[in-house]
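Visitor: Below: one structure in C-alpha cells.
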Amino acid sequence: MARHAAEPIQPLEPFGVPQPLAERVAYMMAKNPAVRYQSAEVVAEQLAPFVEPAALQATPPAPPPTLASYEALLRQRQAAALPVALSAASAAAEVKEAGPGIQLAISGKRRPTDSAAAILKRRQDQQRRNLVIGGVLVVLLSVAGIVGFNMLGGFSLLKEVVEVVKPDDIPPPDDGGGPAVKVANAKAEANKPAVVPANDVPPASPPGSGGPAATNVGFQQEVIPDDGNLLWASPTTGQPVSFHCVPPLGQCFLIVRPAELLASEEGAKVLAALGPTFATQRAAWEAAAGFPLEEIEQLIVSLHNNDAQFPRTSFVVKTREPQTTEQLLSRWKNPSPAQEGMATYYTGAAGAYYISSSPAAERTFLMAAPRDVIEVAKLAGNPPLLIRDMERLRRSIDGDRHVNLLVYPQFLFNDDGEPLFAAERAKVRRPLGWLLGDGLQAVLSSLHLGNEFYFELRMLGSLDREPHKLSAEFGERLNQVPGGLEDYFVQLTPPAYWKKLAFRYPGMIRQLRGQMRVGVENDQAVVNTVLPIAAAHNLVLGGELLIATAPGETAVAVAAAPVPGGPKTLEEALQLKTTYSFDSQSLEFAMRDLAADVQGNLKSSSLEFAIKIIGEDLQADGITRNQTVRDFKQENQTVADILTALVRKANPDPAATAPDHPAQKLLWVIGPDPEDPGKQVILITTRAAATAKKYTLPQHFVLKNTATKAKGKTKPKTKGNP
C-alpha cells in the first residue's frame, strides 16, 4: 500500500504488453479511487477481450443432491405465506381509497409529491441555464463534411455546415409557455462504461452469436412544458447501431441512412447544396460500390490511422433489398476470390470486399483496403473493440437518425487527422479544437430531417471531468462564438453570388441563439437544437460558401508583404517569454497549443513556428504522444524553458531529476521538418533517437559526463579510498 501511494505507475508497453491491456491495468491501479474501475465485474468485462473465447465459457456445476428438497420447502413456505400477503394487500387497498393523508399518517413519514412543478424544479436544478448560439454548427457539423471528402477519391454525405437560414423561418425564442418538448429520461445508458466488443451481444453471449444487447433499451420520454432552458425532445427513438463488419482501430465513424435521406424533399436539397464536386465524388463511389445511394439503407464510413497520410477509409453497406453473392459479384465487376482462414473475401480494382454471413448483419457487405478487409475476415465479421468512451457513446447512437458522427477527438488534432483539414478546410481545425476544449474522450453528433430539423451533440470527458462542469464550460465557449463569427465576417469580402446571404448572416445567428440548449443527460454533456426543416439545406449551402471564401478575398487578391521585425530564427523565438498553464492536457494537444501561442506572439515576424512530435521515436521508447500531462503552470518563462518543463513533465521515467539526467528520455531539439526537410521546426523526440539521428541537443539536455569529456576536464581515476 505504501508503494502504491508513493511510487508512480510503471508503463507496461516496454515489456511487450499490448497498449490496450496496459491501459486497463493503469485504470485498475489508478491512485484516485474515482478513476479506478468500480467493481470486480467491470474488471472482468474489461479483461474478457484478452482471453481465449473457449476459456470464457465455464461449464456450470452439477446441482447438489439436496436442491430438490430445498425447493420443495420453499414452495411450502410460499403457500403458507400467501393468505397473509392477500390480507395485507386488501388492507393497503382500503388505505389507498381513504386518501394520501391516511397513508402518511400510518407510515409516520412525509412523502414528496411528484407534481409537475416538482419534476420541473428537480430537472432545473440538474440542467444548466440556456446557453445558445447559431455559429456553433460552423465547426461542429463541418466535421461530418471533413470525414466524408476524399473517400475513394472523395465522397461525402455531409460537408461544412453553417447556420444560414432565413430569419423569418425561425420562430422567436420560447418565453416559458412553449410546447411540451423536454426529454425527462433520454435513451438509457448502458450498464457499464467499458471497452467491450462494439456489438449488440450481451456479455454472456458467445462471440458472434448476434444476440440482442441487454443494455440496448429504447427511449423513455416524459414530455413536460418548456421553460426555455431544458433540452429539446428527440424526434426519434432508434436502437444503437451495430458495428458488424467494421474494421478494427477506427477513429471516426459516419453513419448515414442514404435511401431515407434522399426520399425526403429536404434531404435531396441538402445533397444538391453540396455542389458539383460532391456530385462527381458520389458518382465515383457508387460505381465502386455497385449501388446508388437510393438503394442503400445504411452506410457506415470509418476512418483509420494511415501514417499521417489521408486516413484509410472503409464502407459498411447495408442494402435495402437482399442480394445473392452472384448479384453482388456482378455489381462489383467480378472481383477475384481469396481466403483468410475459413472466410472468403474478394479483391478488385476498387479495393477489397467482404460479404457478411451473420444473421446480425444481413444484407451487409464491407468495401475497404485489402488489409482492413482481411482483419474483418479474421473476426468473421464480428464487431471490433472500441475505446472505452467511444463504446459508451456508440450505445447512445440513435439508429433512426439520418446522420450520426462518432469521433475520437484526439484523432482530429494529431498527425493522422491533419490531412482531413486540407486546403480551405484548414481554417476549421483550430476553432474546432478550441470549441471542443480539453479532456474530451468521445464526441457524438447527429441530425435528423423530420417535421423539423434536429441537431444533437453528446460529449464524454475524461474520468476526472464531471459532466455538469464539462457542459458548463462548453456552454461558456458557445457564448463566445457569435461575437467571433461577427468579427470573422468583418474580414470577409464575399463574392456577389452570396453577398446578400452574407449580409443577413449575423441576424440569422441572433435568431438561432434562442434555439440551442445545453445540459446533461446520462452523464453526458448534451447540446441540441430544433429548427424549421428548411434550415437544413440553408445550413449546408451557407457552410460551403463560408468555408470556400477566405478572409480578405476579392476578385483580384494580392497578398500583403510581411512587415519586417520580430524574431528571425527559431533560436530567437525560443527566447520569447510567455505564460502557459493548464489543468489536464494530452502531450500532443499541449504542444499544439503552445505552438499556436508562440505563433500569435510573433506578431509582425515572418517566421513560422511549429512543434512536431516524432511518433515513431516516442513509440520505440514506449512513450505515447496522447499521454496526459497534468497541473502544468509556467508564468513569464521563455518558450525554451516551457518546452523543457513540458517534456520533463511528460517523461515516463520518474528517476529523471534534471534535463541532463540519463533517465530523461523525452526531449526537444531544433531539426528538419519531416514533411519539408528544408525547413527547421521544433521536434519532440527521445534521447536515443536524437543520438541515432545526430541531432544537436540543447545544452541543458547534454549528459553531464558527456559535457565534461567534451571540455577536456575529465578527472583521472584514483585507486584506494578517497
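The way I read the labels, and the way they are meant: chains A, B, ... in the order of the C-alpha cells, residue 1 as the first residue of every chain, and ligand 1 as the first ligand shown, with later ones counted on from there.
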May I have the residues within 9 Å of Pro698 of chain A as a PyMOL selection string, using only C-alpha atoms and disregarding those fewer than 6 positions away in the same chain?

Guide: chain A and resi 668-670

Visitor: Those selected residues, please, written with N, CA and C atoms and delivered as a PDB file, in the first residue's frame.

Guide:
ATOM      1  N   TRP A 668      13.415  17.883 -26.554  1.00  0.00           N
ATOM      2  CA  TRP A 668      13.122  18.628 -27.778  1.00  0.00           C
ATOM      3  C   TRP A 668      14.420  19.104 -28.411  1.00  0.00           C
ATOM      4  N   VAL A 669      14.403  19.232 -29.705  1.00  0.00           N
ATOM      5  CA  VAL A 669      15.551  19.721 -30.459  1.00  0.00           C
ATOM      6  C   VAL A 669      15.041  20.583 -31.609  1.00  0.00           C
ATOM      7  N   ILE A 670      15.930  21.351 -32.205  1.00  0.00           N
ATOM      8  CA  ILE A 670      15.638  22.029 -33.461  1.00  0.00           C
ATOM      9  C   ILE A 670      16.160  21.133 -34.585  1.00  0.00           C
TER      10      ILE A 670
END

Visitor: Between A:Cys252, A:Leu299, A:Val527, A:Arg331, single out the one closest to Met390 of chain A, counting only C-alpha atoms.

Guide: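 When distances to Met390 of chain A are compared using only C-alpha atoms, the smallest one comes from A:Cys252.
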
Visitor: Excluding Lys469 of chain A and residues on its chain fewer than 5 positions from it, collect all residues at most 12 Å away from it, counting only C-alpha atoms, and give them as a ChimeraX atom specification.

Guide: /A:126-128,439,459-462,464,474-476,518-520,523-526

Visitor: Restricting it to N, CA, C and O atoms, dump the selection as a PDB file, in the first residue's frame.

Guide:
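Dumped everything to again00.pdb:
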ATOM      1  N   GLN A 126     -30.754  20.299 -12.109  1.00  0.00           N
ATOM      2  CA  GLN A 126     -29.731  19.475 -12.731  1.00  0.00           C
ATOM      3  C   GLN A 126     -29.228  20.067 -14.040  1.00  0.00           C
ATOM      4  O   GLN A 126     -28.122  19.779 -14.465  1.00  0.00           O
ATOM      5  N   GLN A 127     -30.028  20.833 -14.725  1.00  0.00           N
ATOM      6  CA  GLN A 127     -29.655  21.369 -16.035  1.00  0.00           C
ATOM      7  C   GLN A 127     -29.017  22.736 -15.891  1.00  0.00           C
ATOM      8  O   GLN A 127     -29.323  23.493 -14.991  1.00  0.00           O
ATOM      9  N   ARG A 128     -28.129  23.056 -16.797  1.00  0.00           N
ATOM     10  CA  ARG A 128     -27.535  24.387 -16.835  1.00  0.00           C
ATOM     11  C   ARG A 128     -28.476  25.344 -17.554  1.00  0.00           C
ATOM     12  O   ARG A 128     -29.362  24.925 -18.308  1.00  0.00           O
ATOM     13  N   GLY A 439      -9.657  17.481 -22.706  1.00  0.00           N
ATOM     14  CA  GLY A 439     -10.137  16.358 -21.914  1.00  0.00           C
ATOM     15  C   GLY A 439     -11.284  15.576 -22.496  1.00  0.00           C
ATOM     16  O   GLY A 439     -11.828  14.699 -21.833  1.00  0.00           O
ATOM     17  N   MET A 459     -21.099  14.620 -25.559  1.00  0.00           N
ATOM     18  CA  MET A 459     -19.675  14.601 -25.259  1.00  0.00           C
ATOM     19  C   MET A 459     -19.402  13.845 -23.968  1.00  0.00           C
ATOM     20  O   MET A 459     -20.154  13.968 -22.999  1.00  0.00           O
ATOM     21  N   LEU A 460     -18.315  13.077 -23.970  1.00  0.00           N
ATOM     22  CA  LEU A 460     -17.833  12.410 -22.772  1.00  0.00           C
ATOM     23  C   LEU A 460     -16.415  12.883 -22.502  1.00  0.00           C
ATOM     24  O   LEU A 460     -15.553  12.835 -23.386  1.00  0.00           O
ATOM     25  N   GLY A 461     -16.167  13.341 -21.273  1.00  0.00           N
ATOM     26  CA  GLY A 461     -14.836  13.780 -20.894  1.00  0.00           C
ATOM     27  C   GLY A 461     -14.064  12.675 -20.204  1.00  0.00           C
ATOM     28  O   GLY A 461     -14.543  11.552 -20.038  1.00  0.00           O
ATOM     29  N   SER A 462     -12.836  12.982 -19.817  1.00  0.00           N
ATOM     30  CA  SER A 462     -12.023  12.031 -19.074  1.00  0.00           C
ATOM     31  C   SER A 462     -12.677  11.761 -17.722  1.00  0.00           C
ATOM     32  O   SER A 462     -13.596  12.471 -17.293  1.00  0.00           O
ATOM     33  N   ASP A 464     -11.907  12.323 -14.802  1.00  0.00           N
ATOM     34  CA  ASP A 464     -11.856  13.370 -13.790  1.00  0.00           C
ATOM     35  C   ASP A 464     -12.647  14.612 -14.190  1.00  0.00           C
ATOM     36  O   ASP A 464     -12.610  15.622 -13.501  1.00  0.00           O
ATOM     37  N   PHE A 474     -18.415  24.082 -21.813  1.00  0.00           N
ATOM     38  CA  PHE A 474     -18.740  24.125 -23.238  1.00  0.00           C
ATOM     39  C   PHE A 474     -19.738  25.249 -23.511  1.00  0.00           C
ATOM     40  O   PHE A 474     -19.623  25.967 -24.505  1.00  0.00           O
ATOM     41  N   GLY A 475     -20.714  25.404 -22.616  1.00  0.00           N
ATOM     42  CA  GLY A 475     -21.681  26.479 -22.794  1.00  0.00           C
ATOM     43  C   GLY A 475     -21.039  27.856 -22.763  1.00  0.00           C
ATOM     44  O   GLY A 475     -21.426  28.756 -23.516  1.00  0.00           O
ATOM     45  N   GLU A 476     -20.031  28.024 -21.906  1.00  0.00           N
ATOM     46  CA  GLU A 476     -19.336  29.312 -21.854  1.00  0.00           C
ATOM     47  C   GLU A 476     -18.619  29.602 -23.169  1.00  0.00           C
ATOM     48  O   GLU A 476     -18.591  30.744 -23.640  1.00  0.00           O
ATOM     49  N   VAL A 518     -28.232  23.583 -23.785  1.00  0.00           N
ATOM     50  CA  VAL A 518     -27.078  22.859 -23.245  1.00  0.00           C
ATOM     51  C   VAL A 518     -27.487  22.238 -21.918  1.00  0.00           C
ATOM     52  O   VAL A 518     -28.128  22.899 -21.094  1.00  0.00           O
ATOM     53  N   GLY A 519     -27.120  20.973 -21.697  1.00  0.00           N
ATOM     54  CA  GLY A 519     -27.466  20.316 -20.447  1.00  0.00           C
ATOM     55  C   GLY A 519     -26.706  19.020 -20.283  1.00  0.00           C
ATOM     56  O   GLY A 519     -25.696  18.776 -20.946  1.00  0.00           O
ATOM     57  N   VAL A 520     -27.186  18.179 -19.378  1.00  0.00           N
ATOM     58  CA  VAL A 520     -26.552  16.889 -19.078  1.00  0.00           C
ATOM     59  C   VAL A 520     -27.616  15.812 -19.058  1.00  0.00           C
ATOM     60  O   VAL A 520     -28.675  15.998 -18.447  1.00  0.00           O
ATOM     61  N   ASP A 523     -25.081  11.231 -17.763  1.00  0.00           N
ATOM     62  CA  ASP A 523     -23.667  11.547 -17.527  1.00  0.00           C
ATOM     63  C   ASP A 523     -22.948  11.991 -18.792  1.00  0.00           C
ATOM     64  O   ASP A 523     -21.730  11.855 -18.895  1.00  0.00           O
ATOM     65  N   GLN A 524     -23.686  12.514 -19.751  1.00  0.00           N
ATOM     66  CA  GLN A 524     -23.105  13.042 -20.984  1.00  0.00           C
ATOM     67  C   GLN A 524     -23.484  14.512 -21.118  1.00  0.00           C
ATOM     68  O   GLN A 524     -24.636  14.884 -20.893  1.00  0.00           O
ATOM     69  N   ALA A 525     -22.510  15.345 -21.487  1.00  0.00           N
ATOM     70  CA  ALA A 525     -22.814  16.735 -21.806  1.00  0.00           C
ATOM     71  C   ALA A 525     -23.532  16.763 -23.150  1.00  0.00           C
ATOM     72  O   ALA A 525     -23.076  16.150 -24.115  1.00  0.00           O
ATOM     73  N   VAL A 526     -24.661  17.463 -23.219  1.00  0.00           N
ATOM     74  CA  VAL A 526     -25.513  17.423 -24.404  1.00  0.00           C
ATOM     75  C   VAL A 526     -25.811  18.844 -24.874  1.00  0.00           C
ATOM     76  O   VAL A 526     -26.090  19.731 -24.071  1.00  0.00           O
TER      77      VAL A 526
END

Visitor: So that I can see what lies close to Leu646 of chain A, please list as a PyMOL selection string the residues with an atom at most 12 Å from it, counting only C-alpha atoms and leaving out residues fewer than 3 positions away in the same chain.

Guide: chain A and resi 580-582+585-591+594+627-634+639-643+649-651+659+664+666-668+684
